[in-house]
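The data block below is query-v3.txt; it holds compact mmCIF, C-alpha atoms.
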```
# COMPACT_ATOMS: atom_id res chain seq x y z
CA MET V 4 0.31 -53.90 32.33
CA SER V 5 0.01 -57.47 31.29
CA LYS V 6 -3.31 -56.66 29.72
CA PHE V 7 -1.70 -54.27 27.30
CA LYS V 8 1.06 -56.65 26.43
CA LYS V 9 -1.45 -59.20 25.26
CA LYS V 10 -2.76 -56.93 22.57
CA THR V 11 0.51 -56.64 20.77
CA SER V 12 0.49 -60.31 20.07
CA ALA V 13 -2.71 -59.98 17.95
CA SER V 14 -2.26 -60.24 14.22
CA GLN V 15 -2.27 -56.90 12.47
CA ASP V 16 -3.39 -58.10 9.04
CA ILE V 17 -6.65 -56.86 7.66
CA PRO V 18 -8.62 -59.87 6.50
CA THR V 19 -8.88 -59.62 2.72
CA SER V 20 -10.81 -62.79 2.09
CA ALA V 21 -14.05 -60.84 1.68
CA LEU V 22 -12.51 -58.40 -0.77
CA PRO V 23 -13.44 -60.31 -3.95
CA ASP V 24 -17.03 -60.45 -2.74
CA ILE V 25 -17.18 -56.73 -2.21
CA ILE V 26 -15.64 -56.03 -5.57
CA PHE V 27 -18.04 -58.45 -7.24
CA MET V 28 -20.96 -56.69 -5.64
CA LEU V 29 -19.79 -53.36 -7.05
CA LEU V 30 -19.18 -55.04 -10.36
CA PHE V 31 -22.72 -56.38 -10.52
CA PHE V 32 -24.12 -52.98 -9.62
CA PHE V 33 -22.34 -51.35 -12.52
CA MET V 34 -23.15 -54.20 -14.88
CA VAL V 35 -26.84 -53.83 -14.14
CA THR V 36 -26.96 -50.04 -14.38
CA THR V 37 -24.78 -49.87 -17.44
CA VAL V 38 -26.22 -48.92 -20.79
CA LEU V 39 -23.72 -49.40 -23.51
CA ARG V 40 -23.88 -46.40 -25.73
CA GLU V 41 -25.91 -47.39 -28.76
CA THR V 42 -26.00 -44.25 -30.81
CA ASP V 43 -23.52 -41.59 -31.66
CA ILE V 44 -25.22 -38.36 -30.89
CA LEU V 45 -24.62 -35.85 -33.63
CA VAL V 46 -26.47 -32.95 -32.08
CA GLU V 47 -25.81 -30.89 -29.00
CA GLN V 48 -27.58 -32.11 -25.92
CA ASN V 49 -27.81 -29.74 -23.01
CA LEU V 50 -31.10 -30.86 -21.61
CA PRO V 51 -33.02 -28.37 -19.50
CA ARG V 52 -33.77 -29.45 -15.96
CA ALA V 53 -37.18 -30.00 -14.46
CA GLU V 54 -38.74 -31.18 -11.26
CA GLN V 55 -41.95 -33.05 -12.03
CA LEU V 56 -40.30 -36.08 -13.53
CA ARG V 57 -41.90 -39.41 -14.17
CA LYS V 58 -40.14 -42.67 -14.80
CA MET V 59 -40.65 -44.57 -17.98
CA GLN V 60 -42.40 -47.78 -17.20
CA LYS V 61 -40.89 -50.02 -19.78
CA LYS V 62 -37.71 -49.28 -21.60
CA SER V 63 -38.49 -51.43 -24.61
CA LEU V 64 -41.43 -49.20 -25.49
CA VAL V 65 -39.29 -46.12 -25.78
CA SER V 66 -37.78 -44.65 -28.90
CA TYR V 67 -35.57 -41.63 -28.82
CA ILE V 68 -35.63 -38.50 -30.89
CA TYR V 69 -32.79 -36.06 -30.44
CA ILE V 70 -33.12 -32.44 -31.41
CA GLY V 71 -30.43 -29.80 -31.25
CA LYS V 72 -27.78 -27.86 -33.06
CA PRO V 73 -25.48 -30.22 -34.98
CA ARG V 74 -22.07 -30.68 -33.39
CA ASP V 75 -20.43 -30.66 -36.77
CA THR V 76 -21.67 -27.27 -37.90
CA GLU V 77 -19.52 -27.23 -41.03
CA LYS V 78 -21.17 -30.33 -42.36
CA TYR V 79 -24.73 -29.94 -41.22
CA GLY V 80 -25.18 -26.21 -40.66
CA SER V 81 -26.02 -24.48 -37.41
CA GLU V 82 -29.79 -24.80 -37.45
CA PRO V 83 -31.24 -27.34 -35.03
CA ARG V 84 -31.73 -30.75 -36.58
CA ILE V 85 -33.54 -33.95 -35.71
CA GLN V 86 -31.66 -37.15 -35.09
CA THR V 87 -33.02 -40.65 -34.79
CA ASN V 88 -30.79 -43.65 -34.38
CA ASP V 89 -27.57 -42.62 -36.08
CA VAL V 90 -28.78 -40.25 -38.74
CA LEU V 91 -30.06 -36.75 -39.05
CA ILE V 92 -33.49 -36.67 -40.63
CA THR V 93 -36.08 -34.14 -41.66
CA THR V 94 -39.60 -33.95 -40.33
CA ASP V 95 -40.90 -35.85 -43.38
CA ASN V 96 -39.15 -39.03 -42.25
CA ILE V 97 -40.56 -39.10 -38.74
CA VAL V 98 -43.70 -41.06 -39.59
CA GLN V 99 -41.51 -43.63 -41.27
CA PHE V 100 -39.22 -43.79 -38.26
CA VAL V 101 -42.14 -44.28 -35.88
CA GLU V 102 -43.52 -47.08 -38.01
CA ALA V 103 -40.14 -48.78 -38.09
CA GLU V 104 -39.83 -48.52 -34.32
CA ARG V 105 -43.36 -49.74 -33.87
CA SER V 106 -42.82 -52.81 -35.99
CA LYS V 107 -40.09 -53.87 -33.56
CA LEU V 108 -42.63 -54.18 -30.76
CA SER V 109 -45.04 -57.02 -30.21
CA GLU V 110 -48.60 -56.69 -31.44
CA ALA V 111 -50.05 -55.95 -28.02
CA GLU V 112 -47.59 -53.21 -27.19
CA ARG V 113 -47.73 -51.27 -30.42
CA ASN V 114 -50.12 -48.61 -29.26
CA GLN V 115 -48.10 -48.01 -26.12
CA ILE V 116 -45.03 -46.77 -27.93
CA THR V 117 -43.49 -43.80 -26.19
CA MET V 118 -41.38 -41.24 -27.92
CA ALA V 119 -38.72 -39.76 -25.70
CA MET V 120 -37.58 -36.39 -26.93
CA LYS V 121 -34.16 -35.21 -25.92
CA VAL V 122 -34.10 -31.60 -26.92
CA ASP V 123 -31.28 -29.15 -26.48
CA ASP V 124 -32.29 -26.16 -24.38
CA GLU V 125 -31.33 -23.74 -27.13
CA ALA V 126 -33.69 -25.28 -29.65
CA LYS V 127 -36.83 -23.36 -30.47
CA MET V 128 -40.37 -24.58 -30.06
CA GLY V 129 -40.94 -24.42 -33.81
CA ILE V 130 -38.99 -27.56 -34.58
CA VAL V 131 -40.31 -29.33 -31.48
CA SER V 132 -43.88 -28.71 -32.50
CA ASP V 133 -43.20 -29.76 -36.09
CA VAL V 134 -41.98 -33.09 -34.73
CA GLN V 135 -45.03 -33.38 -32.53
CA GLN V 136 -47.34 -32.77 -35.47
CA GLU V 137 -45.65 -35.62 -37.28
CA LEU V 138 -45.97 -37.83 -34.22
CA ARG V 139 -49.68 -37.12 -34.17
CA GLU V 140 -49.75 -38.06 -37.82
CA ALA V 141 -48.04 -41.34 -36.95
CA ASN V 142 -50.40 -41.81 -34.01
CA ALA V 143 -47.60 -41.99 -31.46
CA LEU V 144 -49.25 -39.87 -28.85
CA LYS V 145 -47.20 -40.65 -25.77
CA VAL V 146 -44.37 -38.21 -25.50
CA LEU V 147 -41.81 -37.79 -22.80
CA TYR V 148 -39.49 -34.82 -22.64
CA ASN V 149 -36.33 -36.29 -21.23
CA THR V 150 -34.92 -34.01 -18.58
CA PRO V 151 -32.44 -34.60 -15.82
CA PRO V 152 -33.69 -33.77 -12.32
CA GLU V 153 -33.24 -30.30 -10.93
CA THR V 154 -30.13 -30.05 -8.80
CA GLY V 155 -31.09 -29.89 -5.16
CA ALA V 156 -34.73 -30.51 -5.92
CA VAL V 157 -36.98 -31.27 -3.00
CA GLU V 158 -39.04 -34.39 -3.26
CA MET Y 2 -11.45 -97.67 -3.89
CA ALA Y 3 -8.59 -95.90 -2.35
CA ARG Y 4 -8.50 -92.23 -2.91
CA LYS Y 5 -5.41 -90.39 -3.71
CA LYS Y 6 -4.65 -87.71 -1.28
CA ARG Y 7 -4.20 -84.54 -3.24
CA SER Y 8 -1.95 -81.92 -1.88
CA GLY Y 9 -2.86 -78.78 -3.85
CA GLY Y 10 -6.59 -79.26 -4.42
CA GLU Y 11 -7.52 -75.61 -3.95
CA VAL Y 12 -7.83 -73.02 -6.65
CA SER Y 13 -5.94 -69.99 -5.57
CA ALA Y 14 -8.42 -67.18 -5.17
CA GLY Y 15 -5.89 -64.48 -4.54
CA SER Y 16 -6.07 -63.03 -8.04
CA MET Y 17 -9.86 -63.12 -8.08
CA ALA Y 18 -9.98 -59.59 -6.70
CA ASP Y 19 -7.69 -58.36 -9.46
CA ILE Y 20 -9.85 -59.88 -12.17
CA ALA Y 21 -12.98 -58.44 -10.62
CA PHE Y 22 -11.30 -55.06 -10.34
CA LEU Y 23 -10.47 -55.09 -14.00
CA LEU Y 24 -14.06 -55.84 -14.94
CA LEU Y 25 -15.30 -53.26 -12.48
CA ILE Y 26 -13.13 -50.58 -14.01
CA PHE Y 27 -14.35 -51.51 -17.48
CA PHE Y 28 -17.98 -51.09 -16.46
CA LEU Y 29 -17.23 -47.94 -14.50
CA VAL Y 30 -15.80 -46.38 -17.62
CA THR Y 31 -18.49 -47.49 -20.05
CA THR Y 32 -21.39 -46.78 -17.74
CA THR Y 33 -23.89 -44.05 -18.36
CA ILE Y 34 -26.50 -44.32 -15.69
CA ALA Y 35 -29.80 -44.31 -17.50
CA SER Y 36 -31.56 -40.99 -17.12
CA ASP Y 37 -34.89 -42.19 -18.35
CA LYS Y 38 -36.96 -39.66 -16.58
CA GLY Y 39 -38.82 -36.75 -17.93
CA LEU Y 40 -42.01 -34.79 -18.28
CA ALA Y 41 -44.73 -36.98 -19.71
CA ILE Y 42 -47.44 -35.54 -21.91
CA SER Y 43 -49.84 -37.10 -24.33
CA LEU Y 44 -50.54 -35.46 -27.64
CA PRO Y 45 -54.10 -34.99 -28.89
CA PRO Y 46 -55.09 -37.53 -31.53
CA LYS Y 47 -54.95 -36.61 -35.17
CA PRO Y 48 -58.15 -34.87 -36.26
CA ASP Y 49 -60.38 -37.11 -38.30
CA PRO Y 50 -60.97 -35.53 -41.73
CA ASN Y 51 -64.39 -37.17 -42.03
CA GLU Y 52 -65.64 -35.76 -38.79
CA PRO Y 53 -65.72 -32.04 -38.24
CA PRO Y 54 -64.03 -31.03 -35.00
CA PRO Y 55 -66.50 -31.18 -32.15
CA ASP Y 56 -67.91 -27.82 -31.41
CA ILE Y 57 -67.05 -27.40 -27.77
CA LYS Y 58 -67.96 -24.10 -26.31
CA PHE Y 59 -65.64 -23.16 -23.55
CA ASN Y 60 -66.72 -20.51 -21.23
CA GLU Y 61 -64.02 -17.89 -21.09
CA ARG Y 62 -63.87 -18.11 -17.33
CA ASN Y 63 -62.89 -21.79 -17.42
CA ILE Y 64 -59.71 -21.23 -19.37
CA PHE Y 65 -56.49 -20.22 -17.70
CA LYS Y 66 -54.34 -18.80 -20.45
CA VAL Y 67 -50.59 -18.90 -20.43
CA LEU Y 68 -48.91 -17.38 -23.47
CA VAL Y 69 -45.20 -17.19 -24.14
CA ASN Y 70 -43.75 -15.13 -26.95
CA SER Y 71 -40.57 -15.51 -28.95
CA GLN Y 72 -38.67 -13.39 -26.44
CA ASP Y 73 -39.58 -15.93 -23.72
CA ARG Y 74 -41.82 -13.35 -22.03
CA MET Y 75 -44.92 -14.73 -20.46
CA LEU Y 76 -48.48 -13.47 -20.45
CA VAL Y 77 -50.75 -15.03 -17.84
CA GLU Y 78 -54.46 -14.29 -18.08
CA GLY Y 79 -53.65 -11.15 -20.04
CA GLU Y 80 -51.12 -9.84 -17.56
CA PRO Y 81 -47.38 -9.89 -18.21
CA MET Y 82 -45.52 -11.98 -15.67
CA ASP Y 83 -41.97 -13.19 -15.71
CA ASP Y 84 -41.69 -15.34 -12.65
CA ALA Y 85 -42.94 -18.82 -13.56
CA SER Y 86 -42.88 -19.99 -9.95
CA GLN Y 87 -46.02 -17.98 -9.16
CA LEU Y 88 -48.01 -20.03 -11.66
CA ARG Y 89 -48.42 -22.90 -9.27
CA ASP Y 90 -50.46 -20.95 -6.72
CA MET Y 91 -52.44 -19.17 -9.41
CA ILE Y 92 -53.48 -22.43 -11.02
CA GLN Y 93 -54.45 -23.98 -7.73
CA THR Y 94 -56.72 -21.08 -6.81
CA PHE Y 95 -58.10 -21.09 -10.36
CA VAL Y 96 -58.91 -24.81 -10.38
CA ASN Y 97 -60.33 -24.89 -6.87
CA ASN Y 98 -62.49 -21.84 -7.41
CA ASN Y 99 -65.77 -23.78 -7.77
CA GLY Y 100 -67.66 -20.77 -9.06
CA ARG Y 101 -66.94 -18.40 -6.19
CA ASP Y 102 -65.11 -15.80 -8.25
CA PRO Y 103 -67.09 -15.05 -11.44
CA GLU Y 104 -63.82 -14.46 -13.31
CA SER Y 105 -62.41 -17.86 -12.41
CA SER Y 106 -63.38 -21.48 -13.10
CA ASP Y 107 -66.80 -23.10 -12.50
CA ASN Y 108 -65.43 -26.38 -11.20
CA PRO Y 109 -62.26 -28.46 -11.47
CA GLN Y 110 -63.67 -30.68 -14.23
CA LYS Y 111 -64.27 -27.72 -16.51
CA ALA Y 112 -61.10 -25.84 -15.70
CA VAL Y 113 -58.53 -25.96 -18.49
CA VAL Y 114 -55.02 -24.59 -18.46
CA SER Y 115 -54.15 -23.48 -21.94
CA PHE Y 116 -50.46 -23.15 -22.69
CA LYS Y 117 -49.45 -21.59 -25.93
CA THR Y 118 -45.98 -20.79 -27.13
CA ASP Y 119 -44.50 -19.15 -30.15
CA ARG Y 120 -42.32 -20.95 -32.68
CA GLY Y 121 -39.47 -18.80 -31.45
CA THR Y 122 -39.90 -19.66 -27.79
CA SER Y 123 -36.91 -21.50 -26.39
CA TYR Y 124 -37.37 -25.09 -25.34
CA GLU Y 125 -35.79 -24.30 -22.00
CA ARG Y 126 -38.53 -21.82 -21.15
CA TYR Y 127 -41.19 -24.21 -22.40
CA ILE Y 128 -39.98 -26.97 -20.07
CA GLU Y 129 -39.68 -24.55 -17.17
CA ILE Y 130 -43.31 -23.49 -17.51
CA LEU Y 131 -44.66 -26.95 -18.31
CA ASP Y 132 -42.90 -28.18 -15.20
CA GLU Y 133 -44.74 -25.60 -13.11
CA LEU Y 134 -48.09 -26.39 -14.71
CA GLN Y 135 -47.77 -30.10 -14.05
CA GLY Y 136 -46.36 -29.40 -10.61
CA ALA Y 137 -49.48 -27.44 -9.71
CA TYR Y 138 -51.65 -30.46 -10.44
CA TYR Y 139 -49.34 -32.96 -8.76
CA ASP Y 140 -49.35 -30.74 -5.67
CA MET Y 141 -53.12 -30.85 -5.57
CA TYR Y 142 -53.16 -34.62 -6.04
CA SER Y 143 -50.64 -35.15 -3.29
CA LYS Y 144 -52.66 -32.99 -0.89
CA ARG Y 145 -55.85 -34.86 -1.66
CA MET Y 146 -54.32 -38.31 -1.50
CA GLY Y 147 -52.07 -37.71 1.46
CA LEU Y 148 -49.04 -38.96 -0.44
CA THR Y 149 -45.86 -37.13 -1.28
CA VAL Y 150 -45.56 -35.59 -4.73
CA LYS Y 151 -42.94 -38.17 -5.59
CA GLU Y 152 -45.28 -41.02 -4.71
CA ILE Y 153 -47.95 -39.47 -6.92
CA ARG Y 154 -45.61 -39.23 -9.89
CA GLU Y 155 -44.55 -42.83 -9.43
CA ILE Y 156 -48.08 -44.02 -8.79
CA ASN Y 157 -47.46 -47.27 -10.61
CA ASP Y 158 -45.28 -48.42 -7.74
CA GLN Y 159 -48.18 -48.08 -5.29
CA GLU Y 160 -50.79 -50.59 -4.15
CA PRO Y 161 -53.64 -51.24 -6.62
CA SER Y 162 -56.18 -49.75 -4.21
CA VAL Y 163 -54.19 -46.53 -4.08
CA GLN Y 164 -53.98 -46.51 -7.86
CA ASP Y 165 -57.74 -46.85 -8.14
CA ALA Y 166 -58.25 -44.01 -5.71
CA TYR Y 167 -55.90 -41.95 -7.85
CA LYS Y 168 -57.90 -42.74 -10.97
CA GLU Y 169 -61.08 -41.64 -9.22
CA LEU Y 170 -59.41 -38.43 -8.14
CA LYS Y 171 -58.25 -37.80 -11.69
CA LYS Y 172 -61.86 -37.96 -12.85
CA GLU Y 173 -62.84 -35.43 -10.27
CA LEU Y 174 -59.81 -33.25 -10.81
CA PRO Y 175 -58.49 -33.94 -14.29
CA MET Y 176 -55.14 -32.60 -15.38
CA ASN Y 177 -56.42 -30.47 -18.21
CA ILE Y 178 -53.30 -28.94 -19.64
CA SER Y 179 -53.85 -28.06 -23.24
CA ILE Y 180 -50.71 -27.37 -25.22
CA ALA Y 181 -51.68 -25.36 -28.25
CA GLU Y 182 -49.85 -25.36 -31.52
CA PRO Y 183 -47.32 -22.53 -31.49
CA SER Y 184 -48.08 -19.32 -33.29
CA LYS Y 185 -45.80 -18.04 -36.00
CA VAL Y 186 -45.76 -14.40 -35.02
CA GLY Y 187 -42.25 -14.14 -33.67
CA GLY Y 188 -40.58 -16.07 -36.49
CA GLY Y 189 -37.93 -18.64 -35.76
CA SER Y 190 -37.74 -21.95 -37.52
```

Same coordinates, now as structure tokens:
Amino acid sequence: MSKFKKKTSASQDIPTSALPDIIFMLLFFFMVTTVLRETDILVEQNLPRAEQLRKMQKKSLVSYIYIGKPRDTEKYGSEPRIQTNDVLITTDNIVQFVEAERSKLSEAERNQITMAMKVDDEAKMGIVSDVQQELREANALKVLYNTPPETGAVE
Amino acid sequence: MARKKRSGGEVSAGSMADIAFLLLIFFLVTTTIASDKGLAISLPPKPDPNEPPPDIKFNERNIFKVLVNSQDRMLVEGEPMDDASQLRDMIQTFVNNNGRDPESSDNPQKAVVSFKTDRGTSYERYIEILDELQGAYYDMYSKRMGLTVKEIREINDQEPSVQDAYKELKKELPMNISIAEPSKVGGGS
């Protein structure tokens, strides 16, 4: 019985000295993965899912084009529109947009610019292909259709 | 020099956890984990007005045609088909035909998958089918290289020797997916 009695004398406190370290580790994880929202998205964005996804190699080379039905249908109508940065644009402005994005890159990286298209699944191919024609015009030939991974996809 | 003996020389670290928690919660709330993944394609270069388009004669047998209309219905090699998941096997037999079947491709270098949509086709359907088309090729690459499909798609993370082998394989078995300009038959904007 004496063996059991000994145990009761042990301190019952959970050591909390490592707690700040654990919390800091979590903190750093979220700090690193965080992307502070840069743009207000004005169009609907239900991206379709796909399986054969590839990672973008360098984030600085990527510019985003959003396509979808405007959220504010009273102001912008219900037809799908194109958004870059914070504004809705028409297809005529895409070349200009690409050039502006390209000028932000260094000389060596300019031809590697990648356009990431985030297109709502209800949008039609017509507008998507119009944008692509303009991208060809602007000689930005690398395109990535942003899609979240399929739920329960097998690797 | 005689040192003073300090009594309370420690910084109290008890509130450290609270401060860290506060920061943690801030980042938790503002975080959007970057979803920078997607289907990569490269567009054909702009046609040069000074040069007439090269007159490439494609033998009919070397083209695998996938058409999608504005109602999202699919036509594969002239036959209506609605289940996109069958495409994968069809493309693999088509590409690896090597001239056996006179209706199918001569060899993998010549084989082209042509994918044409309508302006009224939904983007969702387009992605679904493009996913299958690319998947068919990635499957073949992974079989030939002995890597998983995921390793093939993230080939840049692999050893340089593996990357070179992949480049060689791509010459032998190029991913010829041609995305044609959509037709205007079905309307839509």

Pick from Y:Val67, Y:Leu88, Y:Val113, Y:Ile156, whichever lies nearest to chain V using all atoms listed in the file: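 Smallest separation from chain V among the options: Y:Ile156.
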
#### Entry: For Y:Asp107: contacts at 7 Å, all atoms listed in the file, fewer than 2 positions along chain excluded, given as number ranges by chain
Y: 63, 98-100, 105, 111

Here is a test: counting only C-alpha atoms, which residue of V:Val46, V:Leu138, V:Ile92, V:Met128 is nearest to chain Y?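 Of V:Val46, V:Leu138, V:Ile92, V:Met128, the one nearest chain Y is V:Met128, counting only C-alpha atoms.
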
query: Interatomic distance between atom CA of V:Met59 and atom CA of V:Asn149?
result: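 One can read the atom CA of V:Met59 to atom CA of V:Asn149 distance as 9.9 Å.
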
Interatomic distance, atom CA of V:Arg113 to atom CA of V:Lys61 (Å, one decimal):
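According to the coordinates, atom CA of V:Arg113 and atom CA of V:Lys61 are separated by 12.7 Å.
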
Residues within 6 Å of (-35.5, -27.0, -18.5), file coords, all atoms listed in the file, listed as a short mmCIF file (atom, residue, chain, number, x, y, z; two decimals) with C-alpha atoms, in the frame of the given file:
```cif
data_model
loop_
_atom_site.label_atom_id
_atom_site.label_comp_id
_atom_site.auth_asym_id
_atom_site.auth_seq_id
_atom_site.Cartn_x
_atom_site.Cartn_y
_atom_site.Cartn_z
CA PRO V 51 -33.02 -28.37 -19.50
CA ARG V 52 -33.77 -29.45 -15.96
CA ALA V 53 -37.18 -30.00 -14.46
CA GLU Y 125 -35.79 -24.30 -22.00
CA ILE Y 128 -39.98 -26.97 -20.07
CA GLU Y 129 -39.68 -24.55 -17.17
#
```

Given only C-alpha atoms as the basis, pick out the residue of V:Pro23, V:Gly80, V:Gly71, V:Pro18 nearest to chain Y.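 Closest residue, counting only C-alpha atoms: V:Pro23.
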
Exercise for the section: Would you kindly report the residues of chain Y within 8 Å of chain V, using all atoms listed in the file, as a VMD selection string? Expected result: chain Y and resid 17 to 18 21 to 22 24 to 25 28 to 29 31 to 47 118 to 125 127 to 129 132 135 to 136 149 to 151 154 to 155 182 to 183 189 to 190
